[in-house]
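S.K.: Here it is: the structure, laid out below.
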Amino acid sequence: MKPGGLLKKYSIKPRDFVKAGEGSIRIQKFLKFIGFDAGLIRRISICAYEAEMNVVMHGGDGEMSMLVDPKEIVLEVADDGPGIPDIGLALQEGYSTASPEHREMGFGAGMGLPNIKKNADSLDIHSGNGQGVHLTMCFEVKTR
Amino acid sequence: MTAIEGKQLKLSEIKELLHAKIFAGEDKLDITAKAGTASDLMSDMLTGKTGGVVLLTGLCNVQVIRTAVIADVAAVILVRGKRPTQEMIDQAREHRLPLFSTPFTMFTSCGRLCAKGLRGVEEKPPAPAVPPYGC
Ligand SMILES: Nc1ncnc2c1ncn2[C@@H]1O[C@H](COP(=O)(O)OP(=O)(O)O)[C@@H](O)[C@H]1O
Ligand SMILES: [Mg+2]
């Protein structure tokens with residue numbers, strides 16, 4: 001791999017349930033194509049998807065980017081929506097402000113951020129009332 | 001890998017056991033499912049070792065297909081005779097995800113697969129309530 005790594009970017013549109021999740025599937029396909037370990041691909045895909053769905057459901061205009069380095073994969077998902085006023089609360093299992101429509105579709109279990117925390121080697125959340133949300137998730141690449 | 005070693009079932013066997021109709025993945029009936037899971041919550045589908053397992057769900061929307069692709073399941077089975085939309089079928093075909101619909105309820109579908117030896121995605125075998133424990 002080139003020094004500086006490979007960068008992939010996808011835009012995310014809020015409320016666009018027709019396309020929601022496509023960026024994460026592209027990320028999954030790309031990682032499979034490179035041939036990373038299946039467990040690592042699984043953790044990254046789940047984090048990407050939960051974060052992407054959060055932007056679609058709760059956020060504003062967003063972007064997802066993935067930087068692939070030989071030693072580390074950094075996934076960033078950011079949007080300019082209403083933001084999260086209380087990050088500690090949002091990280092609790094079961095906490096959700098999802099609408100009845102979201103729940104009808106099968107979302108809104110309040111497990112997205114906890115799932116991300118469990119699957120990423122590190123998670124950094126930057127947000128606040130009216131400030132959008134910026135997630136940075138890092139994944140170690142262990143060489144076999 | 002699922003920690004509990006159960007019987008693996010071919011998709012063709014599962015199709016027969018559940019009297020299922022196939023909507024995508026006709027060329028993949030020979031692959032095996034290593035366990036089963038059932039959920040109506042997307043986030044639940046993404047917890048546990050769902051790679052290569054068969055997913056039963058009462059939800060019927062295109063997001064189920066995308067969630068199943070991310071979860072890397074072997075197949076999706078819609079219960080209670082739900083018919084997938086054309087968009088779901090197109091997405092399943094695009095991502096080479098086998099998609100079925102069974103007339104049975106969630107309970108009956110799980111029971112029929114369990115009775116044939118298919119396991120859940122539990123990491124440890126639960127202590128038997130009354131031995132012998134079926135699933
Ligand atoms: N991108 C976002 N913009 C605004 N709020 C968000 C965003 N992501 C998460 N949240 C808030 O955090 C809560 C918990 O998120 P999550 O754990 O993914 O559960 P769920 O999406 O099922 O509600 C959400 O209900 C929402 O209030
Ligand atoms: Mg969420």
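Chain labels run A, B, ... following the order of the structure tokens; each chain numbers its residues from 1, and ligands are numbered from 1 in the order shown.
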If you run DSSP on the backbone here, which positions in region 38-93 of chain B get strand (DSSP E or B)? Please write them as a PyMOL selection string.

M.R.: chain B and resi 38+54-57+75-78

S.K.: Take the residues from that selection and put them in a file with N, CA and C atoms, as an mmCIF file, in the first residue's frame.

M.R.:
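Below you can see selection.cif, which holds the result:
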```
data_model
loop_
_atom_site.group_PDB
_atom_site.id
_atom_site.type_symbol
_atom_site.label_atom_id
_atom_site.label_comp_id
_atom_site.auth_asym_id
_atom_site.auth_seq_id
_atom_site.Cartn_x
_atom_site.Cartn_y
_atom_site.Cartn_z
ATOM 1 N N ALA B 38 -33.030 -14.915 14.871
ATOM 2 C CA ALA B 38 -34.320 -14.323 14.519
ATOM 3 C C ALA B 38 -34.450 -12.984 15.215
ATOM 4 N N VAL B 54 -28.471 -18.128 9.165
ATOM 5 C CA VAL B 54 -29.712 -17.776 8.483
ATOM 6 C C VAL B 54 -30.503 -16.837 9.399
ATOM 7 N N LEU B 55 -31.014 -15.750 8.810
ATOM 8 C CA LEU B 55 -31.713 -14.725 9.587
ATOM 9 C C LEU B 55 -33.207 -14.773 9.301
ATOM 10 N N LEU B 56 -34.004 -14.978 10.355
ATOM 11 C CA LEU B 56 -35.463 -14.941 10.208
ATOM 12 C C LEU B 56 -35.967 -13.615 10.737
ATOM 13 N N THR B 57 -36.880 -13.001 10.000
ATOM 14 C CA THR B 57 -37.381 -11.708 10.459
ATOM 15 C C THR B 57 -38.826 -11.460 10.033
ATOM 16 N N ALA B 75 -28.460 -16.159 4.559
ATOM 17 C CA ALA B 75 -29.743 -15.989 3.876
ATOM 18 C C ALA B 75 -30.706 -15.232 4.779
ATOM 19 N N VAL B 76 -31.717 -14.611 4.158
ATOM 20 C CA VAL B 76 -32.780 -13.942 4.911
ATOM 21 C C VAL B 76 -34.091 -14.675 4.636
ATOM 22 N N ILE B 77 -34.849 -14.921 5.697
ATOM 23 C CA ILE B 77 -36.154 -15.555 5.539
ATOM 24 C C ILE B 77 -37.219 -14.664 6.158
ATOM 25 N N LEU B 78 -38.152 -14.221 5.327
ATOM 26 C CA LEU B 78 -39.262 -13.404 5.810
ATOM 27 C C LEU B 78 -40.343 -14.360 6.308
#
```

S.K.: Pick out the residues sitting within 10 Å of Asp16 (chain A), and hand them over as a list of chain:residue names; count only C-alpha atoms, and ignore anything fewer than 4 positions along from it in its own chain.

M.R.: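 Contacts, in chain order: A:Ile12, A:Ala20, A:Gly21, A:Met53, A:Val55, A:Val56, A:Met57.
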
S.K.: Produce a table with one row for each residue of chain B that has an atom at most 12 Å from any atom of ligand 1, each row naming the nearest atom pair and its distance in Å at one decimal; use only C-alpha atoms and all ligand atoms; arrange rows by chain and rising residue number; format as a Markdown table.

M.R.:
```
| residue | atom | partner | partner_atom_place_in_ligand_line | distance |
| --- | --- | --- | --- | --- |
| B:Leu41 | CA | ligand 1 | 22 (O) | 9.5 |
| B:Met42 | CA | ligand 1 | 22 (O) | 8.9 |
| B:Ser43 | CA | ligand 1 | 22 (O) | 7.5 |
| B:Asp44 | CA | ligand 1 | 22 (O) | 10.5 |
```

S.K.: Neighbours of ligand 2 at 8 Å or closer, counting only C-alpha atoms and all ligand atoms: which residues, as an MDAnalysis selection string?

M.R.: (chainID A and resid 50:51 53:54 57 96 107:113) or (chainID B and resid 43)

S.K.: Residues of chain A were defined as contacting chain B if any atom lay at most 12 Å from it, counting only C-alpha atoms; please report them as a VMD selection string.

M.R.: chain A and resid 16 to 29 32 38 to 39 41 to 54 93 to 94 102 to 116 118 to 119

S.K.: Store the residues picked out above in a file with C-alpha atoms, as a PDB file, in the first residue's frame.

M.R.:
```pdb
ATOM      1  CA  ASP A  16     -32.898   9.166   2.532  1.00  0.00           C
ATOM      2  CA  PHE A  17     -33.928   5.625   3.468  1.00  0.00           C
ATOM      3  CA  VAL A  18     -33.774   4.480  -0.157  1.00  0.00           C
ATOM      4  CA  LYS A  19     -29.987   4.843  -0.236  1.00  0.00           C
ATOM      5  CA  ALA A  20     -29.294   4.496   3.497  1.00  0.00           C
ATOM      6  CA  GLY A  21     -26.533   2.000   4.158  1.00  0.00           C
ATOM      7  CA  GLU A  22     -25.068   1.962   0.651  1.00  0.00           C
ATOM      8  CA  GLY A  23     -21.851   3.704   1.679  1.00  0.00           C
ATOM      9  CA  SER A  24     -21.244   1.139   4.412  1.00  0.00           C
ATOM     10  CA  ILE A  25     -21.812  -1.733   2.008  1.00  0.00           C
ATOM     11  CA  ARG A  26     -19.292  -0.157  -0.406  1.00  0.00           C
ATOM     12  CA  ILE A  27     -16.812   0.072   2.467  1.00  0.00           C
ATOM     13  CA  GLN A  28     -17.435  -3.584   3.330  1.00  0.00           C
ATOM     14  CA  LYS A  29     -16.946  -4.645  -0.311  1.00  0.00           C
ATOM     15  CA  LYS A  32     -13.189  -7.638   1.354  1.00  0.00           C
ATOM     16  CA  ALA A  38     -13.110 -11.253   8.244  1.00  0.00           C
ATOM     17  CA  GLY A  39     -13.533 -10.278  11.897  1.00  0.00           C
ATOM     18  CA  ILE A  41     -14.156  -6.273   8.221  1.00  0.00           C
ATOM     19  CA  ARG A  42     -17.204  -7.222  10.257  1.00  0.00           C
ATOM     20  CA  ARG A  43     -16.395  -4.758  13.070  1.00  0.00           C
ATOM     21  CA  ILE A  44     -15.707  -1.899  10.649  1.00  0.00           C
ATOM     22  CA  SER A  45     -18.830  -2.599   8.549  1.00  0.00           C
ATOM     23  CA  ILE A  46     -21.073  -2.653  11.631  1.00  0.00           C
ATOM     24  CA  CYS A  47     -19.638   0.634  12.923  1.00  0.00           C
ATOM     25  CA  ALA A  48     -19.973   2.268   9.506  1.00  0.00           C
ATOM     26  CA  TYR A  49     -23.569   1.104   9.120  1.00  0.00           C
ATOM     27  CA  GLU A  50     -24.727   2.104  12.612  1.00  0.00           C
ATOM     28  CA  ALA A  51     -23.095   5.520  12.182  1.00  0.00           C
ATOM     29  CA  GLU A  52     -24.491   5.971   8.670  1.00  0.00           C
ATOM     30  CA  MET A  53     -28.014   5.054   9.834  1.00  0.00           C
ATOM     31  CA  ASN A  54     -27.707   7.521  12.702  1.00  0.00           C
ATOM     32  CA  GLU A  93     -27.872   0.969  25.872  1.00  0.00           C
ATOM     33  CA  GLY A  94     -31.518   1.465  24.990  1.00  0.00           C
ATOM     34  CA  HIS A 102     -38.019   4.515  12.578  1.00  0.00           C
ATOM     35  CA  ARG A 103     -39.082   1.868  15.092  1.00  0.00           C
ATOM     36  CA  GLU A 104     -41.559   0.410  12.641  1.00  0.00           C
ATOM     37  CA  MET A 105     -38.683  -0.104  10.225  1.00  0.00           C
ATOM     38  CA  GLY A 106     -36.716  -1.956  12.913  1.00  0.00           C
ATOM     39  CA  PHE A 107     -34.450   0.886  13.996  1.00  0.00           C
ATOM     40  CA  GLY A 108     -34.394   2.844  17.236  1.00  0.00           C
ATOM     41  CA  ALA A 109     -33.288   0.118  19.640  1.00  0.00           C
ATOM     42  CA  GLY A 110     -30.812   2.558  21.158  1.00  0.00           C
ATOM     43  CA  MET A 111     -28.015   0.078  20.534  1.00  0.00           C
ATOM     44  CA  GLY A 112     -26.190   1.858  17.707  1.00  0.00           C
ATOM     45  CA  LEU A 113     -23.673   3.920  19.638  1.00  0.00           C
ATOM     46  CA  PRO A 114     -23.101   1.108  22.209  1.00  0.00           C
ATOM     47  CA  ASN A 115     -22.536  -1.286  19.260  1.00  0.00           C
ATOM     48  CA  ILE A 116     -20.016   1.125  17.769  1.00  0.00           C
ATOM     49  CA  LYS A 118     -18.008  -2.321  21.412  1.00  0.00           C
ATOM     50  CA  ASN A 119     -16.705  -2.888  17.890  1.00  0.00           C
TER      51      ASN A 119
END
```

S.K.: Check the DSSP output for the backbone and give back, as a VMD selection string, the residues of region 13-124 of chain A in helix (DSSP H, G or I).

M.R.: chain A and resid 22 to 34 38 to 58 87 to 90 100 to 105 112 to 119

S.K.: Any idea what's packed within 10 Å of region 110-113 of chain B, counting only C-alpha atoms, ignoring anything in its chain fewer than 4 positions away? Could you give it as a list in words?

M.R.: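 Here the qualifying residues turn out to be Leu9, Glu13, Ile14, Leu17, Leu18, Ala35, Gly36, Thr37, Ala38, Leu56, Val79, Phe104, Thr105, Met106, Gly117, Leu118, Arg119, Gly120, Gly134 and Cys135 of chain B.
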
S.K.: Convert the current residue selection to file output with all heavy atoms, as a compact mmCIF listing (two decimals), in the first residue's frame.

M.R.:
```txt
# COMPACT_ATOMS: atom_id res chain seq x y z
N LEU B 9 -27.20 -26.72 8.14
CA LEU B 9 -28.25 -27.07 7.19
C LEU B 9 -28.02 -26.35 5.88
O LEU B 9 -27.68 -25.17 5.85
CB LEU B 9 -29.63 -26.69 7.74
CG LEU B 9 -30.17 -27.45 8.96
CD1 LEU B 9 -31.55 -26.91 9.33
CD2 LEU B 9 -30.25 -28.95 8.70
N GLU B 13 -32.31 -27.45 2.17
CA GLU B 13 -33.03 -28.16 3.24
C GLU B 13 -33.93 -27.19 4.01
O GLU B 13 -35.07 -27.51 4.35
CB GLU B 13 -32.04 -28.78 4.24
CG GLU B 13 -31.19 -29.90 3.69
CD GLU B 13 -30.16 -30.36 4.70
OE1 GLU B 13 -29.07 -29.74 4.78
OE2 GLU B 13 -30.45 -31.31 5.44
N ILE B 14 -33.37 -26.00 4.28
CA ILE B 14 -34.14 -24.98 5.01
C ILE B 14 -35.37 -24.57 4.21
O ILE B 14 -36.48 -24.47 4.74
CB ILE B 14 -33.24 -23.75 5.33
CG1 ILE B 14 -32.16 -24.16 6.35
CG2 ILE B 14 -34.07 -22.57 5.82
CD1 ILE B 14 -31.14 -23.09 6.64
N LEU B 17 -37.91 -27.36 4.59
CA LEU B 17 -38.47 -27.43 5.94
C LEU B 17 -39.47 -26.31 6.20
O LEU B 17 -40.44 -26.49 6.94
CB LEU B 17 -37.35 -27.30 6.99
CG LEU B 17 -36.49 -28.52 7.24
CD1 LEU B 17 -35.21 -28.14 7.99
CD2 LEU B 17 -37.28 -29.55 8.03
N LEU B 18 -39.23 -25.16 5.60
CA LEU B 18 -40.08 -24.00 5.86
C LEU B 18 -41.09 -23.75 4.74
O LEU B 18 -41.78 -22.73 4.75
CB LEU B 18 -39.21 -22.75 6.08
CG LEU B 18 -38.25 -22.80 7.28
CD1 LEU B 18 -37.49 -21.48 7.42
CD2 LEU B 18 -39.01 -23.11 8.57
N ALA B 35 -25.79 -21.63 11.67
CA ALA B 35 -26.66 -21.43 12.83
C ALA B 35 -27.84 -20.58 12.36
O ALA B 35 -27.93 -20.22 11.18
CB ALA B 35 -25.90 -20.74 13.96
N GLY B 36 -28.73 -20.26 13.30
CA GLY B 36 -29.88 -19.44 12.95
C GLY B 36 -30.04 -18.31 13.96
O GLY B 36 -29.62 -18.42 15.11
N THR B 37 -30.66 -17.21 13.49
CA THR B 37 -30.98 -16.12 14.40
C THR B 37 -32.29 -15.49 13.93
O THR B 37 -32.64 -15.59 12.76
CB THR B 37 -29.83 -15.10 14.47
OG1 THR B 37 -30.06 -14.21 15.56
CG2 THR B 37 -29.71 -14.29 13.19
N ALA B 38 -33.03 -14.91 14.87
CA ALA B 38 -34.32 -14.32 14.52
C ALA B 38 -34.45 -12.98 15.22
O ALA B 38 -34.17 -12.87 16.41
CB ALA B 38 -35.46 -15.24 14.96
N LEU B 56 -34.00 -14.98 10.36
CA LEU B 56 -35.46 -14.94 10.21
C LEU B 56 -35.97 -13.61 10.74
O LEU B 56 -35.52 -13.16 11.80
CB LEU B 56 -36.10 -16.09 10.98
CG LEU B 56 -35.84 -17.47 10.39
CD1 LEU B 56 -34.67 -18.14 11.07
CD2 LEU B 56 -37.08 -18.33 10.49
N VAL B 79 -40.83 -14.14 7.53
CA VAL B 79 -41.82 -15.06 8.08
C VAL B 79 -43.24 -14.57 7.82
O VAL B 79 -43.45 -13.45 7.34
CB VAL B 79 -41.59 -15.29 9.60
CG1 VAL B 79 -40.21 -15.89 9.85
CG2 VAL B 79 -41.77 -14.00 10.39
N PHE B 104 -44.91 -19.86 7.49
CA PHE B 104 -44.97 -20.12 8.93
C PHE B 104 -44.72 -18.86 9.76
O PHE B 104 -44.11 -17.90 9.30
CB PHE B 104 -43.95 -21.19 9.34
CG PHE B 104 -44.24 -22.53 8.71
CD1 PHE B 104 -43.31 -23.13 7.89
CD2 PHE B 104 -45.45 -23.18 8.95
CE1 PHE B 104 -43.57 -24.37 7.30
CE2 PHE B 104 -45.71 -24.42 8.37
CZ PHE B 104 -44.77 -25.01 7.54
N THR B 105 -45.17 -18.88 11.01
CA THR B 105 -44.87 -17.78 11.94
C THR B 105 -43.40 -17.87 12.35
O THR B 105 -42.73 -18.87 12.09
CB THR B 105 -45.70 -17.90 13.23
OG1 THR B 105 -45.36 -19.14 13.87
CG2 THR B 105 -47.19 -17.84 12.97
N MET B 106 -42.94 -16.82 13.02
CA MET B 106 -41.56 -16.81 13.52
C MET B 106 -41.33 -18.01 14.44
O MET B 106 -40.33 -18.72 14.32
CB MET B 106 -41.32 -15.50 14.29
CG MET B 106 -39.93 -15.38 14.86
SD MET B 106 -38.78 -14.87 13.60
CE MET B 106 -38.69 -13.11 13.94
N GLY B 117 -31.80 -29.59 14.33
CA GLY B 117 -30.44 -29.52 14.86
C GLY B 117 -29.72 -28.21 14.64
O GLY B 117 -28.58 -28.05 15.05
N LEU B 118 -30.36 -27.24 13.97
CA LEU B 118 -29.71 -25.95 13.76
C LEU B 118 -29.65 -25.22 15.10
O LEU B 118 -30.62 -25.23 15.87
CB LEU B 118 -30.50 -25.12 12.74
CG LEU B 118 -29.74 -23.92 12.15
CD1 LEU B 118 -28.64 -24.39 11.21
CD2 LEU B 118 -30.68 -22.99 11.39
N ARG B 119 -28.50 -24.60 15.38
CA ARG B 119 -28.30 -23.91 16.66
C ARG B 119 -28.56 -22.42 16.55
O ARG B 119 -28.59 -21.87 15.46
CB ARG B 119 -26.85 -24.10 17.11
CG ARG B 119 -26.48 -25.53 17.37
CD ARG B 119 -27.08 -25.99 18.67
NE ARG B 119 -26.50 -27.27 19.05
CZ ARG B 119 -26.72 -27.84 20.23
NH1 ARG B 119 -27.48 -27.24 21.12
NH2 ARG B 119 -26.16 -28.99 20.52
N GLY B 120 -28.68 -21.77 17.72
CA GLY B 120 -28.72 -20.32 17.78
C GLY B 120 -27.30 -19.78 17.77
O GLY B 120 -26.34 -20.54 17.62
N GLY B 134 -33.28 -29.40 23.76
CA GLY B 134 -33.41 -29.51 22.30
C GLY B 134 -32.54 -28.59 21.49
O GLY B 134 -31.78 -29.02 20.65
N CYS B 135 -32.65 -27.27 21.70
CA CYS B 135 -31.90 -26.32 20.87
C CYS B 135 -30.62 -25.88 21.53
O CYS B 135 -30.56 -24.87 22.13
CB CYS B 135 -32.74 -25.09 20.56
SG CYS B 135 -34.19 -25.44 19.62
```

S.K.: Need the shell around Glu76 (chain A): protein/DNA/RNA residues with any atom at most 8 Å away, counting only C-alpha atoms. Skip same-chain ones fewer than 4 positions apart. Format as a list in words?

M.R.: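 So, after excluding close chain neighbours, the residues are Met64, Ser65, Met66, His134, Leu135, Thr136 and Met137 of chain A.
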
S.K.: Any chance you can output those residues with N, CA and C atoms as a PDB file, in the first residue's frame?

M.R.:
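Listed below is the output, selection-v8.pdb:
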```
ATOM      1  N   MET A  64     -19.041  10.249   5.128  1.00  0.00           N
ATOM      2  CA  MET A  64     -18.324   9.144   5.758  1.00  0.00           C
ATOM      3  C   MET A  64     -17.005   8.999   5.041  1.00  0.00           C
ATOM      4  N   SER A  65     -15.919   8.874   5.782  1.00  0.00           N
ATOM      5  CA  SER A  65     -14.637   8.661   5.127  1.00  0.00           C
ATOM      6  C   SER A  65     -13.867   7.567   5.848  1.00  0.00           C
ATOM      7  N   MET A  66     -13.099   6.847   5.065  1.00  0.00           N
ATOM      8  CA  MET A  66     -12.295   5.774   5.636  1.00  0.00           C
ATOM      9  C   MET A  66     -10.880   5.901   5.115  1.00  0.00           C
ATOM     10  N   HIS A 134     -19.591  14.380  15.094  1.00  0.00           N
ATOM     11  CA  HIS A 134     -18.387  13.904  14.408  1.00  0.00           C
ATOM     12  C   HIS A 134     -17.858  12.681  15.154  1.00  0.00           C
ATOM     13  N   LEU A 135     -17.952  11.532  14.523  1.00  0.00           N
ATOM     14  CA  LEU A 135     -17.448  10.295  15.125  1.00  0.00           C
ATOM     15  C   LEU A 135     -16.119   9.930  14.482  1.00  0.00           C
ATOM     16  N   THR A 136     -15.149   9.568  15.304  1.00  0.00           N
ATOM     17  CA  THR A 136     -13.884   9.034  14.794  1.00  0.00           C
ATOM     18  C   THR A 136     -13.674   7.659  15.408  1.00  0.00           C
ATOM     19  N   MET A 137     -13.600   6.650  14.548  1.00  0.00           N
ATOM     20  CA  MET A 137     -13.433   5.275  15.013  1.00  0.00           C
ATOM     21  C   MET A 137     -12.134   4.710  14.448  1.00  0.00           C
TER      22      MET A 137
END
```

S.K.: Near Val68 (chain A), within 7 Å and counting only C-alpha atoms, which residues show up once chain neighbours fewer than 6 positions away are dropped, as a VMD selection string?

M.R.: chain A and resid 5 to 7 74

S.K.: Would you mind exporting C-alpha atoms of the selected residues as an mmCIF file, in the first residue's frame?

M.R.:
```cif
data_model
loop_
_atom_site.group_PDB
_atom_site.id
_atom_site.type_symbol
_atom_site.label_atom_id
_atom_site.label_comp_id
_atom_site.auth_asym_id
_atom_site.auth_seq_id
_atom_site.Cartn_x
_atom_site.Cartn_y
_atom_site.Cartn_z
ATOM 1 C CA GLY A 5 -2.906 5.193 2.821
ATOM 2 C CA LEU A 6 -6.071 4.945 0.760
ATOM 3 C CA LEU A 7 -8.955 7.314 1.296
ATOM 4 C CA VAL A 74 -9.688 5.247 10.580
#
```

S.K.: Tell me, as a list in words, which residues lie within 10 Å of Gly60 (chain A), counting only C-alpha atoms; anything in the same chain fewer than 3 positions away does not count.

M.R.: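 Selected residues are Ile12, Lys13, Pro14, Arg15, Asn54, Val55, Val56, Met57, Glu63, Ala78, Asp79, Asp80, Gly81, Pro82, Gly83, Gly132 and Val133 of chain A.
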
S.K.: Provide the CA of Phe33 (chain A) to CA of Glu123 (chain B) distance in Å, to one decimal place.

M.R.: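 Computing it gives 28.8 Å between the two atoms.
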
S.K.: For each of B:Arg80, B:Lys21, B:Lys124, B:Lys10, take the minimum atom-to-atom distance to Ser109 (chain B), counting only C-alpha atoms, then give the residue where this is smallest.

M.R.: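 Among B:Arg80, B:Lys21, B:Lys124, B:Lys10, it is B:Arg80 that comes nearest to Ser109 (chain B).
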
S.K.: Tell me which protein, DNA and RNA residues are within 12 Å of Lys142 (chain A), counting only C-alpha atoms, leaving out same-chain ones fewer than 6 positions away, and put them as a list in words.

M.R.: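 Those residues are Phe36, Asp37, Gly39, Leu40, Asp69, Pro70, Lys71, Glu72, Ile73 and Asp121 of chain A.
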
S.K.: Next, the residues of the selection above should be written as a short mmCIF file (atom, residue, chain, number, x, y, z; two decimals), in the first residue's frame with N, CA and C atoms.

M.R.:
```cif
data_model
loop_
_atom_site.label_atom_id
_atom_site.label_comp_id
_atom_site.auth_asym_id
_atom_site.auth_seq_id
_atom_site.Cartn_x
_atom_site.Cartn_y
_atom_site.Cartn_z
N PHE A 36 -8.79 -8.04 3.95
CA PHE A 36 -8.54 -7.98 5.39
C PHE A 36 -9.20 -9.16 6.10
N ASP A 37 -8.81 -9.35 7.35
CA ASP A 37 -9.38 -10.39 8.19
C ASP A 37 -10.89 -10.20 8.33
N GLY A 39 -13.06 -10.87 10.64
CA GLY A 39 -13.53 -10.28 11.90
C GLY A 39 -13.35 -8.77 11.91
N LEU A 40 -12.23 -8.31 11.35
CA LEU A 40 -11.97 -6.87 11.29
C LEU A 40 -12.96 -6.20 10.34
N ASP A 69 -4.67 2.53 6.27
CA ASP A 69 -3.22 2.50 6.42
C ASP A 69 -2.80 1.06 6.69
N PRO A 70 -1.52 0.75 6.47
CA PRO A 70 -1.10 -0.63 6.75
C PRO A 70 -1.35 -1.04 8.21
N LYS A 71 -1.27 -0.10 9.13
CA LYS A 71 -1.39 -0.47 10.54
C LYS A 71 -2.73 -0.14 11.16
N GLU A 72 -3.47 0.76 10.53
CA GLU A 72 -4.69 1.26 11.16
C GLU A 72 -5.71 1.71 10.13
N ILE A 73 -6.97 1.48 10.45
CA ILE A 73 -8.05 1.98 9.60
C ILE A 73 -8.83 3.00 10.42
N ASP A 121 -11.86 -0.13 18.07
CA ASP A 121 -10.77 -0.17 19.05
C ASP A 121 -10.72 1.14 19.82
#
```
